[in-house]
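Source file: query_12.cif; contents: mmCIF, C-alpha atoms.
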```cif
data_coords
#
loop_
_atom_site.label_atom_id
_atom_site.label_comp_id
_atom_site.auth_asym_id
_atom_site.auth_seq_id
_atom_site.Cartn_x
_atom_site.Cartn_y
_atom_site.Cartn_z
CA MET U 745 14.58 -36.91 -16.27
CA MET U 746 15.38 -34.28 -18.89
CA ALA U 747 11.92 -32.76 -18.59
CA ASP U 748 12.42 -32.42 -14.83
CA SER U 749 15.96 -31.06 -14.90
CA GLY U 750 15.40 -28.43 -17.59
CA PRO U 751 13.13 -25.97 -15.82
CA LYS U 752 15.07 -26.14 -12.56
CA GLU U 753 18.32 -25.25 -14.27
CA VAL U 754 16.86 -22.32 -16.18
CA ALA U 755 14.59 -21.07 -13.40
CA VAL U 756 17.57 -20.66 -11.09
CA ILE U 757 18.93 -18.02 -13.46
CA GLY U 758 16.01 -15.77 -12.74
CA ASN U 759 16.43 -16.34 -9.01
CA THR U 760 20.17 -15.85 -8.68
CA GLU U 761 20.95 -14.71 -5.16
CA LEU U 762 22.86 -11.44 -5.17
CA THR U 763 25.66 -10.70 -2.77
CA SER U 764 25.26 -7.65 -0.55
CA ALA U 765 27.81 -5.74 -2.64
CA GLU U 766 26.00 -6.60 -5.88
CA LEU U 767 22.66 -5.67 -4.35
CA ASP U 768 23.99 -2.32 -3.14
CA ASN U 769 25.45 -1.66 -6.57
CA ASN U 770 22.11 -2.50 -8.23
CA ILE U 771 20.29 -0.20 -5.83
CA ILE U 772 22.66 2.69 -6.50
CA ASN U 773 22.55 2.24 -10.29
CA THR U 774 18.79 1.89 -10.37
CA MET U 775 18.22 4.89 -8.12
CA VAL U 776 20.41 6.98 -10.41
CA GLU U 777 18.30 5.88 -13.37
CA ILE U 778 14.90 6.47 -11.80
CA GLU U 779 15.81 9.75 -10.12
CA LYS U 780 16.65 11.35 -13.46
CA GLY U 781 13.03 12.49 -13.38
CA THR U 782 12.79 15.10 -10.64
CA SER U 783 10.20 14.55 -7.90
CA LEU U 784 6.99 16.31 -8.83
CA LEU U 785 6.77 17.82 -5.34
CA ARG U 786 9.89 19.86 -6.07
CA LYS U 787 8.05 21.63 -8.87
CA MET U 788 4.41 21.53 -7.75
CA GLU U 789 2.57 22.14 -4.49
CA ILE U 790 -0.25 19.63 -4.08
CA SER U 791 -2.99 19.85 -1.48
CA VAL U 792 -6.43 18.41 -0.83
CA ALA U 793 -7.82 21.69 0.46
CA GLU U 794 -11.34 20.75 1.53
CA ALA U 795 -14.13 18.19 1.39
CA GLU U 796 -17.70 18.81 0.34
CA LYS U 797 -20.83 16.70 0.68
CA ARG U 798 -22.94 16.44 -2.48
CA THR U 799 -26.13 14.74 -3.61
CA GLY U 800 -26.51 13.04 -6.97
CA LYS U 801 -27.57 9.88 -8.76
CA ASN U 802 -25.48 6.73 -9.00
CA THR U 803 -25.13 4.26 -11.89
CA VAL U 804 -28.54 2.69 -11.21
CA ASN U 805 -30.19 6.13 -11.17
CA MET U 806 -30.77 6.14 -7.40
CA GLN U 807 -30.25 9.15 -5.16
CA GLU U 808 -27.01 9.07 -3.17
CA ILE U 809 -24.97 11.32 -0.90
CA TYR U 810 -21.25 11.35 -1.52
CA THR U 811 -18.15 13.37 -0.65
CA VAL U 812 -15.85 15.12 -3.09
CA TYR U 813 -12.38 16.50 -2.37
CA LEU U 814 -10.84 19.68 -3.77
CA ILE U 815 -7.34 19.11 -5.20
CA GLU U 816 -5.34 22.30 -5.59
CA THR U 817 -2.02 22.50 -7.46
CA ARG U 818 0.33 25.42 -7.98
CA PRO U 819 3.99 25.91 -8.95
CA VAL U 820 6.50 25.90 -6.09
CA ASP U 821 7.88 29.27 -7.17
CA ALA U 822 7.53 31.83 -9.94
CA LEU U 823 10.50 30.38 -11.84
CA THR U 824 8.85 26.97 -12.32
CA GLU U 825 7.79 26.53 -15.93
CA GLY U 826 4.93 24.49 -17.40
CA ILE U 827 2.77 24.46 -14.25
CA THR U 828 -0.15 26.79 -13.69
CA PRO U 829 -2.36 27.05 -10.58
CA ASP U 830 -5.34 24.74 -10.88
CA SER U 831 -8.09 23.13 -8.80
CA LEU U 832 -10.60 20.32 -9.37
CA TRP U 833 -12.91 18.02 -7.44
CA ARG U 834 -12.40 14.25 -7.16
CA ARG U 835 -14.42 11.49 -5.52
CA TYR U 836 -12.84 8.79 -3.39
CA SER U 837 -13.65 6.24 -6.12
CA GLU U 838 -11.43 8.21 -8.53
CA PHE U 839 -8.54 7.95 -6.09
CA GLU U 840 -9.19 4.19 -6.01
CA LEU U 841 -9.10 4.03 -9.81
CA LEU U 842 -5.79 5.92 -9.87
CA ARG U 843 -4.23 3.55 -7.34
CA ASN U 844 -5.46 0.44 -9.19
CA TYR U 845 -3.91 1.82 -12.37
CA LEU U 846 -0.58 2.40 -10.59
CA LEU U 847 -0.63 -1.10 -9.04
CA VAL U 848 -1.07 -2.74 -12.44
CA THR U 849 1.24 -0.46 -14.42
CA TYR U 850 4.09 -0.56 -11.88
CA PRO U 851 3.98 -4.07 -10.37
CA PHE U 852 7.50 -3.70 -8.91
CA VAL U 853 6.53 -0.63 -6.83
CA VAL U 854 5.19 -0.69 -3.28
CA VAL U 855 2.31 1.68 -4.05
CA ALA U 856 1.13 3.86 -1.16
CA PRO U 857 -2.29 2.86 0.24
CA LEU U 858 -5.38 5.03 0.40
CA PRO U 859 -6.90 6.00 3.75
CA GLU U 860 -9.69 3.71 4.91
CA LYS U 861 -13.05 4.14 3.23
CA ARG U 862 -14.87 3.43 6.48
CA ALA U 863 -13.50 3.76 10.00
CA GLU U 864 -11.91 0.58 11.37
CA ILE U 865 -10.24 -0.22 14.72
CA VAL U 866 -11.55 2.86 16.54
CA TRP U 867 -12.45 3.53 20.16
CA HIS U 868 -16.18 3.02 20.58
CA LYS U 869 -17.05 6.65 21.38
CA LEU U 870 -15.77 7.70 17.92
CA SER U 871 -18.30 7.66 15.10
CA ALA U 872 -17.69 5.03 12.39
CA ASP U 873 -19.98 6.85 9.97
CA ASN U 874 -18.09 7.64 6.76
CA MET U 875 -20.06 10.91 6.49
CA ASP U 876 -19.04 12.03 9.99
CA PRO U 877 -17.24 15.42 9.64
CA ASP U 878 -14.28 14.36 11.81
CA PHE U 879 -13.80 11.16 9.82
CA VAL U 880 -14.12 13.01 6.49
CA GLU U 881 -11.47 15.47 7.66
CA ARG U 882 -9.08 12.66 8.60
CA ARG U 883 -9.71 11.01 5.23
CA ARG U 884 -9.00 14.33 3.49
CA VAL U 885 -5.62 14.45 5.25
CA GLY U 886 -5.00 10.82 4.26
CA LEU U 887 -5.80 11.49 0.59
CA GLU U 888 -3.43 14.43 0.57
CA ASN U 889 -0.75 12.22 2.10
CA PHE U 890 -1.38 9.61 -0.62
CA LEU U 891 -0.87 12.21 -3.37
CA HIS U 892 2.34 13.38 -1.70
CA ARG U 893 3.60 9.79 -1.50
CA VAL U 894 3.01 9.28 -5.21
CA ALA U 895 4.35 12.71 -6.21
CA SER U 896 7.57 12.15 -4.25
CA HIS U 897 8.15 8.60 -5.54
CA PRO U 898 11.07 8.55 -8.02
CA VAL U 899 9.11 6.46 -10.54
CA LEU U 900 5.43 7.20 -10.00
CA CYS U 901 5.89 10.99 -10.00
CA ASN U 902 6.69 10.90 -13.72
CA ASP U 903 3.52 9.04 -14.72
CA ASN U 904 1.42 11.00 -17.20
CA ILE U 905 -1.92 9.62 -15.96
CA PHE U 906 -1.09 10.77 -12.43
CA TYR U 907 -0.28 14.26 -13.71
CA ILE U 908 -3.56 14.36 -15.64
CA PHE U 909 -5.39 13.23 -12.48
CA LEU U 910 -4.06 16.36 -10.76
CA THR U 911 -4.67 18.82 -13.59
CA GLU U 912 -7.40 17.64 -16.00
CA ASP U 913 -10.98 17.85 -14.78
CA LYS U 914 -12.68 16.21 -17.78
CA ASP U 915 -12.20 12.88 -19.56
CA TRP U 916 -9.66 11.63 -17.00
CA LYS U 917 -11.38 8.26 -16.54
CA GLU U 918 -11.52 7.69 -20.29
CA MET U 919 -7.78 8.32 -20.53
CA VAL U 920 -7.13 5.76 -17.79
CA TYR U 921 -9.23 3.08 -19.46
CA GLU U 922 -7.57 3.78 -22.80
CA THR U 923 -4.25 2.63 -21.31
CA GLY U 924 -5.63 -0.93 -21.25
CA PHE U 925 -4.59 -1.44 -17.63
CA GLN U 926 -7.74 -3.45 -16.93
CA ALA U 927 -6.66 -6.20 -19.35
CA LYS U 928 -3.36 -6.40 -17.48
CA ALA U 929 -5.25 -6.49 -14.20
CA ASP U 930 -7.29 -9.47 -15.39
CA SER U 931 -4.11 -11.33 -16.33
CA ARG U 932 -2.75 -10.72 -12.81
CA LEU U 933 -5.51 -12.96 -11.46
CA LYS U 934 -3.32 -15.86 -12.58
CA ALA U 935 -1.00 -14.94 -9.73
CA VAL U 936 -3.53 -16.07 -7.12
CA ASN U 937 -2.39 -19.69 -7.14
CA ALA U 938 1.03 -19.21 -8.73
CA ALA U 939 2.74 -19.48 -5.34
CA PHE U 940 1.56 -23.05 -4.93
CA ARG U 941 2.96 -24.05 -8.33
CA VAL U 942 6.35 -22.30 -8.33
CA LYS U 943 9.04 -24.96 -7.97
CA ASN U 944 11.93 -22.62 -7.26
CA PRO U 945 10.67 -19.61 -5.22
CA ASP U 946 13.03 -16.75 -4.43
CA GLY U 947 13.85 -16.91 -0.72
CA ARG U 948 14.01 -13.15 -0.40
CA PHE U 949 10.43 -12.68 -1.57
CA THR U 950 9.21 -15.55 0.59
CA GLU U 951 10.86 -13.87 3.56
CA LEU U 952 9.34 -10.53 2.53
CA LYS U 953 5.86 -12.10 2.51
CA HIS U 954 6.40 -13.43 6.04
CA TYR U 955 7.69 -10.02 7.10
CA SER U 956 4.56 -8.39 5.68
CA ASP U 957 2.29 -10.82 7.54
CA GLU U 958 4.12 -10.23 10.83
CA LEU U 959 4.04 -6.44 10.36
CA GLN U 960 0.31 -6.60 9.73
CA THR U 961 -0.24 -8.68 12.88
CA VAL U 962 1.85 -6.36 15.07
CA LEU U 963 0.24 -3.16 13.80
CA SER U 964 -3.27 -4.61 14.12
CA GLN U 965 -2.60 -5.60 17.73
CA LEU U 966 -1.07 -2.19 18.48
CA LEU U 967 -4.10 -0.38 17.06
CA ARG U 968 -6.53 -2.54 19.04
CA VAL U 969 -4.59 -1.94 22.27
CA ARG U 970 -4.61 1.81 21.57
CA ALA U 971 -8.37 1.71 21.04
CA ARG U 972 -8.86 -0.03 24.40
CA VAL U 973 -6.57 2.47 26.13
CA ALA U 974 -8.51 5.33 24.50
CA ASP U 975 -11.76 3.92 25.91
CA ARG U 976 -10.32 3.82 29.42
CA LEU U 977 -8.83 7.29 29.03
CA TYR U 978 -12.21 8.63 27.95
CA GLY U 979 -13.75 7.13 31.06
CA VAL U 980 -11.10 8.66 33.35
CA TYR U 981 -11.61 12.13 31.89
CA LYS U 982 -15.38 11.86 32.21
CA VAL U 983 -14.96 10.90 35.88
CA HIS U 984 -13.18 14.24 36.31
CA GLY U 985 -16.30 15.82 34.84
CA ASN U 986 -18.28 14.15 37.62
CA TYR U 987 -15.83 15.60 40.17
CA GLY U 988 -16.46 19.04 38.69
CA ARG U 989 -20.23 18.64 38.92
CA VAL U 990 -20.07 17.43 42.54
CA PHE U 991 -17.70 20.22 43.62
CA SER U 992 -19.92 22.83 41.97
CA GLU U 993 -23.05 21.48 43.67
CA TRP U 994 -21.21 21.24 46.98
CA SER U 995 -20.02 24.85 46.70
CA ALA U 996 -23.63 26.01 46.60
CA ILE U 997 -24.31 24.82 50.17
CA GLU U 998 -21.01 25.93 51.71
CA LYS U 999 -20.17 29.48 52.78
CA GLU U 1000 -16.49 29.48 53.77
CA MET U 1001 -15.42 26.63 51.43
CA GLY U 1002 -17.67 27.60 48.53
CA ASP U 1003 -15.17 29.61 46.48
CA GLY U 1004 -12.46 26.96 46.77
CA LEU U 1005 -14.80 24.14 45.81
CA GLN U 1006 -16.17 26.08 42.87
CA SER U 1007 -12.65 26.88 41.58
CA ALA U 1008 -11.63 23.21 41.92
CA GLY U 1009 -14.78 22.25 40.03
CA HIS U 1010 -13.89 24.59 37.17
CA HIS U 1011 -10.43 22.98 36.87
CA MET U 1012 -12.02 19.52 36.75
CA ASP U 1013 -14.57 20.59 34.12
CA ALA U 1014 -11.88 22.09 31.89
CA TYR U 1015 -9.78 18.93 32.23
CA ALA U 1016 -12.73 16.67 31.35
CA ALA U 1017 -13.63 18.78 28.30
CA SER U 1018 -10.08 18.48 26.88
CA VAL U 1019 -10.42 14.72 26.25
CA ASP U 1020 -12.07 15.16 22.85
CA ASP U 1021 -9.14 17.16 21.45
CA ILE U 1022 -6.66 14.70 22.95
CA LEU U 1023 -8.33 11.66 21.44
CA GLU U 1024 -8.70 13.42 18.09
CA GLU U 1025 -4.93 14.03 18.13
CA GLU U 1026 -4.42 10.38 19.03
CA GLU U 1027 -6.44 9.38 15.97
CA HIS U 1028 -3.91 11.26 13.86
CA TYR U 1029 -1.14 8.96 15.14
CA ALA U 1030 -3.43 5.95 14.73
CA ASP U 1031 -3.96 6.91 11.07
CA GLN U 1032 -0.19 6.91 10.56
CA LEU U 1033 -0.05 3.35 11.91
CA LYS U 1034 -3.03 2.37 9.75
CA GLU U 1035 -1.22 3.62 6.65
CA TYR U 1036 1.54 1.08 7.21
CA LEU U 1037 -1.02 -1.57 8.15
CA PHE U 1038 -2.50 -1.07 4.66
CA TYR U 1039 0.99 -0.91 3.14
CA THR U 1040 1.37 -4.62 3.93
CA ASP U 1041 -1.11 -5.44 1.14
CA ALA U 1042 1.07 -3.50 -1.31
CA LEU U 1043 4.11 -5.54 -0.21
CA ARG U 1044 2.25 -8.79 -0.77
CA ALA U 1045 1.11 -7.56 -4.20
CA VAL U 1046 4.77 -7.21 -5.23
CA CYS U 1047 5.45 -10.74 -3.96
CA ARG U 1048 2.51 -12.15 -5.93
CA LYS U 1049 3.70 -10.47 -9.12
CA HIS U 1050 7.16 -11.98 -8.65
CA GLU U 1051 5.61 -15.43 -8.12
CA LEU U 1052 3.69 -15.05 -11.35
CA THR U 1053 6.80 -13.93 -13.24
CA GLN U 1054 8.79 -16.84 -11.82
CA PHE U 1055 6.01 -19.30 -12.63
CA GLU U 1056 5.91 -18.10 -16.25
CA LEU U 1057 9.69 -18.51 -16.45
CA GLU U 1058 9.47 -22.08 -15.19
CA MET U 1059 6.71 -22.90 -17.68
CA VAL U 1060 8.69 -21.71 -20.72
CA ALA U 1061 11.76 -23.53 -19.35
CA LEU U 1062 9.73 -26.73 -18.97
CA ASP U 1063 8.40 -26.38 -22.51
CA LEU U 1064 11.95 -25.91 -23.82
CA ALA U 1065 13.13 -29.03 -21.96
CA CYS U 1066 10.28 -31.04 -23.48
CA LYS U 1067 11.20 -29.85 -26.96
CA LYS U 1068 14.83 -30.86 -26.39
CA GLN U 1069 13.71 -34.31 -25.28
CA GLN U 1070 11.53 -34.67 -28.39
CA LYS U 1071 14.50 -33.76 -30.59
CA GLU U 1072 16.75 -36.27 -28.83
CA GLU U 1073 14.15 -39.02 -29.25
CA LEU U 1074 13.69 -38.11 -32.91
CA VAL U 1075 17.44 -38.13 -33.64
CA THR U 1076 18.24 -41.35 -31.74
CA GLY U 1077 15.00 -43.13 -32.60
CA THR U 1078 14.51 -44.11 -28.95
CA VAL U 1079 11.60 -43.10 -26.74
CA ARG U 1080 12.72 -42.56 -23.13
CA THR U 1081 9.23 -42.28 -21.69
CA PHE U 1082 5.98 -44.09 -22.49
CA SER U 1083 3.85 -42.27 -25.04
CA LEU U 1084 1.06 -43.01 -27.49
CA LYS U 1085 3.42 -41.93 -30.27
CA GLY U 1086 6.01 -44.54 -29.29
CA MET U 1087 3.40 -47.29 -29.10
CA THR U 1088 2.06 -46.29 -32.54
CA SER U 1089 5.58 -46.46 -34.02
CA LYS U 1090 6.01 -49.98 -32.74
CA LEU U 1091 2.66 -51.10 -34.13
CA PHE U 1092 2.79 -49.41 -37.52
CA GLY U 1093 6.50 -48.95 -38.17
CA GLN U 1094 8.98 -46.09 -37.99
CA GLU U 1095 8.59 -42.78 -39.81
CA THR U 1096 10.42 -42.23 -43.09
CA ALA U 1097 13.64 -40.20 -43.20
CA GLU U 1098 11.83 -37.37 -44.96
CA GLN U 1099 9.16 -37.22 -42.25
CA ARG U 1100 11.80 -37.19 -39.50
CA GLU U 1101 13.72 -34.45 -41.28
CA ALA U 1102 10.61 -32.30 -41.63
CA LYS U 1103 9.80 -32.77 -37.94
CA LEU U 1104 13.41 -31.98 -37.00
CA GLN U 1105 13.21 -28.70 -38.89
CA VAL U 1106 9.99 -27.78 -37.09
CA LEU U 1107 11.54 -28.71 -33.73
CA GLU U 1108 14.68 -26.70 -34.49
CA GLN U 1109 12.54 -23.64 -35.11
CA GLN U 1110 10.53 -24.27 -31.95
CA LEU U 1111 13.75 -24.72 -29.98
CA LYS U 1112 15.06 -21.37 -31.19
CA GLU U 1113 11.80 -19.72 -30.24
CA GLY U 1114 11.79 -21.49 -26.86
CA GLU U 1115 15.37 -20.45 -26.08
CA GLU U 1116 14.51 -16.88 -26.99
CA ALA U 1117 11.40 -17.02 -24.77
CA VAL U 1118 13.46 -18.36 -21.84
CA LYS U 1119 16.04 -15.65 -22.40
CA GLU U 1120 13.35 -12.95 -22.44
CA LYS U 1121 11.69 -14.34 -19.31
CA ASN U 1122 15.04 -14.55 -17.53
CA THR U 1123 15.72 -10.92 -18.40
CA GLU U 1124 12.22 -9.90 -17.28
CA THR U 1125 12.58 -11.75 -13.98
CA ASP U 1126 16.05 -10.34 -13.29
CA GLU U 1127 14.86 -6.83 -14.08
CA PHE U 1128 11.80 -7.25 -11.88
CA VAL U 1129 13.92 -8.45 -8.95
CA LYS U 1130 16.37 -5.61 -9.43
CA THR U 1131 13.80 -2.80 -9.58
CA ALA U 1132 11.46 -4.30 -6.98
CA TRP U 1133 14.19 -4.76 -4.43
CA VAL U 1134 15.31 -1.15 -4.86
CA ASP U 1135 11.77 0.02 -4.12
CA ILE U 1136 11.40 -2.39 -1.20
CA GLU U 1137 14.57 -0.99 0.40
CA ARG U 1138 13.24 2.54 -0.21
CA PHE U 1139 9.95 1.58 1.44
CA LYS U 1140 11.68 0.06 4.49
CA ASP U 1141 13.77 3.20 5.03
CA GLN U 1142 10.63 5.34 4.73
CA LYS U 1143 8.72 3.06 7.14
CA ASP U 1144 11.47 3.17 9.76
CA ARG U 1145 11.62 6.97 9.65
CA ASP U 1146 7.86 7.50 9.70
CA LEU U 1147 6.99 5.00 12.43
CA LYS U 1148 9.86 6.16 14.63
CA GLU U 1149 8.67 9.76 14.31
CA ALA U 1150 5.02 8.82 14.92
CA LEU U 1151 5.77 6.72 18.01
CA ILE U 1152 8.06 9.37 19.52
CA SER U 1153 5.42 12.06 18.92
CA TYR U 1154 2.79 9.79 20.50
CA ALA U 1155 5.00 9.29 23.56
CA VAL U 1156 5.61 13.05 23.85
CA MET U 1157 1.84 13.65 23.63
CA GLN U 1158 1.21 11.13 26.43
CA ILE U 1159 3.84 12.80 28.64
CA SER U 1160 2.28 16.22 27.98
CA MET U 1161 -1.17 14.82 28.79
CA CYS U 1162 0.07 13.41 32.10
CA LYS U 1163 1.71 16.74 32.99
CA LYS U 1164 -1.61 18.50 32.40
CA GLY U 1165 -3.30 16.00 34.69
CA ILE U 1166 -0.72 16.69 37.43
CA GLN U 1167 -1.21 20.43 36.95
CA VAL U 1168 -5.00 20.11 37.31
CA TRP U 1169 -4.70 18.28 40.62
CA THR U 1170 -1.99 20.71 41.78
CA ASN U 1171 -4.37 23.58 41.07
CA ALA U 1172 -7.17 21.74 42.85
CA LYS U 1173 -4.90 21.19 45.85
CA GLU U 1174 -4.15 24.92 45.99
CA CYS U 1175 -7.88 25.61 45.89
CA PHE U 1176 -8.43 23.25 48.80
CA ASN U 1177 -5.55 24.81 50.77
CA LYS U 1178 -7.15 28.25 50.47
CA MET U 1179 -10.43 27.12 51.95
#
```

Transcribe the structure of this file into structure tokens.
Amino acid sequence: MMADSGPKEVAVIGNTELTSAELDNNIINTMVEIEKGTSLLRKMEISVAEAEKRTGKNTVNMQEIYTVYLIETRPVDALTEGITPDSLWRRYSEFELLRNYLLVTYPFVVVAPLPEKRAEIVWHKLSADNMDPDFVERRRVGLENFLHRVASHPVLCNDNIFYIFLTEDKDWKEMVYETGFQAKADSRLKAVNAAFRVKNPDGRFTELKHYSDELQTVLSQLLRVRARVADRLYGVYKVHGNYGRVFSEWSAIEKEMGDGLQSAGHHMDAYAASVDDILEEEEHYADQLKEYLFYTDALRAVCRKHELTQFELEMVALDLACKKQQKEELVTGTVRTFSLKGMTSKLFGQETAEQREAKLQVLEQQLKEGEEAVKEKNTETDEFVKTAWVDIERFKDQKDRDLKEALISYAVMQISMCKKGIQVWTNAKECFNKM
């Protein structure tokens, strides 16, 4: 029973539920600490100015076509010290390397996602080719947004590797690998099944995982509905193009009505041609939704890291409980559970006092080390919960603001589009009245 009760008692320490007042106090204190480093965006302007298609050879010496992006940085004003105007080219894979480094180095942070590498959930008339100029332009905007997210984050903006990514053209990859983040990344693979072995999961992180799954489902459905609506909208606008063609052909065989029909046809043609710009603007709002669709993976990554931390805490607590049980059995001379050692003692006699004393000394040392390990793991878990929850609250506030703004702007765009449609038919009506 001791082996079972030990880890539960200690593991609860790392999962202590905070009251709302304590949580608010932790958030305020932590934000004060992490905001001591000023946001990089307050000192530096960052932009991904353009994209360029290049041809080169890949790692297996085969010809490939790839896209590079021009990152430009400059001081916000002339009084800013230590920052000089600079520009360099980066591939998408380098952005991926930067984000992987940030994910491993800052496991308690909800790291901003990168824009999609290939187009997903799009209306079928839009090209899904990752070399398509329109798609490359949207990805350029997304990469710039990613850099702004990192540069405005109270913790990530102070990372030296991120600053070097923006300012050092050569040897950046070598500097990243020298941090040893890959070894940490390999150790994080243990978190894959940790959730199934944690005996005392934190309810808040379990709820957060469910929230992330539901958010992903809702946003995926919303994007698919938007894609279907875009297909129908495209068809409606192209029907107006057919009206324009018919009116123009009709005007050629009419004398008195010809001018009116031709004018109405021009209005229809102009309306049909505007669909491409409208749907391109819609894709901008869709990309904002996709960003938070991809954010859900970052939320789950934080949950997995907490599960791993909690699992490690329970393991050291279990080991400590086993050591305590061994000491009790050694002191009392009674074995509470069946073991090969107990059976051997019965067959061949008890250990001498000197042997027991030597083992007791070893156990005492192991107990001290175990208690220290549990203490360290408790501290690590508490600190992780504290800092992670601050960043999760920051993320939720950001999400609420961004999605509210995007959805309102989308609604305003739809209203404006409908008004243009009414105006087209009003103009056509006036043309018909003049015939």

Point to revise | For atom CA of Leu785 of chain U and atom CA of Leu832 of chain U, the interatomic separation in Å (one decimal) | key: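 Between atom CA of Leu785 of chain U and atom CA of Leu832 of chain U the gap is 18.0 Å.
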
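Checking U:Met1001, U:Val1129, U:Leu784, U:Cys1162 one by one against Tyr1015 of chain U, counting all atoms listed in the file, you find the shortest gap at U:Cys1162.
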
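Distances to Glu881 of chain U were evaluated for U:Ala856, U:Leu842, U:Val792, U:Val969 using only C-alpha atoms, and the minimum falls at U:Val792.
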
Exercise for review: Starting from the shown file, work through the PyMOL selection byres ((chain U and resi 1163-1175) around 12) and note down what comes out as a count of residues only.
Suggested key: 37

Practice item. Give as a PyMOL selection string the residues that the PyMOL selection byres ((chain U and resi 1036) around 12) matches when applied to the coordinates above. Key: chain U and resi 854-860+890+956-957+959-964+967+1029-1035+1037-1043+1139-1140+1142-1147+1150

If you keep C-alpha atoms, can you produce a file of those selected residues as an mmCIF file, in the coordinates of the input?
```
data_model
loop_
_atom_site.group_PDB
_atom_site.id
_atom_site.type_symbol
_atom_site.label_atom_id
_atom_site.label_comp_id
_atom_site.auth_asym_id
_atom_site.auth_seq_id
_atom_site.Cartn_x
_atom_site.Cartn_y
_atom_site.Cartn_z
ATOM 1 C CA VAL U 854 5.190 -0.690 -3.280
ATOM 2 C CA VAL U 855 2.310 1.680 -4.050
ATOM 3 C CA ALA U 856 1.130 3.860 -1.160
ATOM 4 C CA PRO U 857 -2.290 2.860 0.240
ATOM 5 C CA LEU U 858 -5.380 5.030 0.400
ATOM 6 C CA PRO U 859 -6.900 6.000 3.750
ATOM 7 C CA GLU U 860 -9.690 3.710 4.910
ATOM 8 C CA PHE U 890 -1.380 9.610 -0.620
ATOM 9 C CA SER U 956 4.560 -8.390 5.680
ATOM 10 C CA ASP U 957 2.290 -10.820 7.540
ATOM 11 C CA LEU U 959 4.040 -6.440 10.360
ATOM 12 C CA GLN U 960 0.310 -6.600 9.730
ATOM 13 C CA THR U 961 -0.240 -8.680 12.880
ATOM 14 C CA VAL U 962 1.850 -6.360 15.070
ATOM 15 C CA LEU U 963 0.240 -3.160 13.800
ATOM 16 C CA SER U 964 -3.270 -4.610 14.120
ATOM 17 C CA LEU U 967 -4.100 -0.380 17.060
ATOM 18 C CA TYR U 1029 -1.140 8.960 15.140
ATOM 19 C CA ALA U 1030 -3.430 5.950 14.730
ATOM 20 C CA ASP U 1031 -3.960 6.910 11.070
ATOM 21 C CA GLN U 1032 -0.190 6.910 10.560
ATOM 22 C CA LEU U 1033 -0.050 3.350 11.910
ATOM 23 C CA LYS U 1034 -3.030 2.370 9.750
ATOM 24 C CA GLU U 1035 -1.220 3.620 6.650
ATOM 25 C CA LEU U 1037 -1.020 -1.570 8.150
ATOM 26 C CA PHE U 1038 -2.500 -1.070 4.660
ATOM 27 C CA TYR U 1039 0.990 -0.910 3.140
ATOM 28 C CA THR U 1040 1.370 -4.620 3.930
ATOM 29 C CA ASP U 1041 -1.110 -5.440 1.140
ATOM 30 C CA ALA U 1042 1.070 -3.500 -1.310
ATOM 31 C CA LEU U 1043 4.110 -5.540 -0.210
ATOM 32 C CA PHE U 1139 9.950 1.580 1.440
ATOM 33 C CA LYS U 1140 11.680 0.060 4.490
ATOM 34 C CA GLN U 1142 10.630 5.340 4.730
ATOM 35 C CA LYS U 1143 8.720 3.060 7.140
ATOM 36 C CA ASP U 1144 11.470 3.170 9.760
ATOM 37 C CA ARG U 1145 11.620 6.970 9.650
ATOM 38 C CA ASP U 1146 7.860 7.500 9.700
ATOM 39 C CA LEU U 1147 6.990 5.000 12.430
ATOM 40 C CA ALA U 1150 5.020 8.820 14.920
#
```

Practice item. For the file shown, report as a count of residues only the outcome of the PyMOL selection byres ((chain U and resi 1098-1103) around 10) at residue level. Key: 15

Exercise for review: Counting all atoms listed in the file, figure out which residue out of U:Asp1020, U:Glu838, U:Glu1116, U:Asp1126 gets nearest to Trp916 of chain U.
Suggested key: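 Closest to Trp916 of chain U of all the choices is U:Glu838.
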
Study note, to complete from the structure: One decimal place gives the atom CA of Val1060 of chain U-atom CA of Arg1048 of chain U separation as 18.7 Å

Practice item. Record the distance separating atom CA of Leu846 of chain U and atom CA of Phe906 of chain U, expressed in Å with one decimal. Key: 8.6 Å

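Checking U:Phe1055, U:Tyr1154, U:Tyr955, U:Phe852 one by one against Asn1122 of chain U, counting all atoms listed in the file, you find the shortest gap at U:Phe1055.
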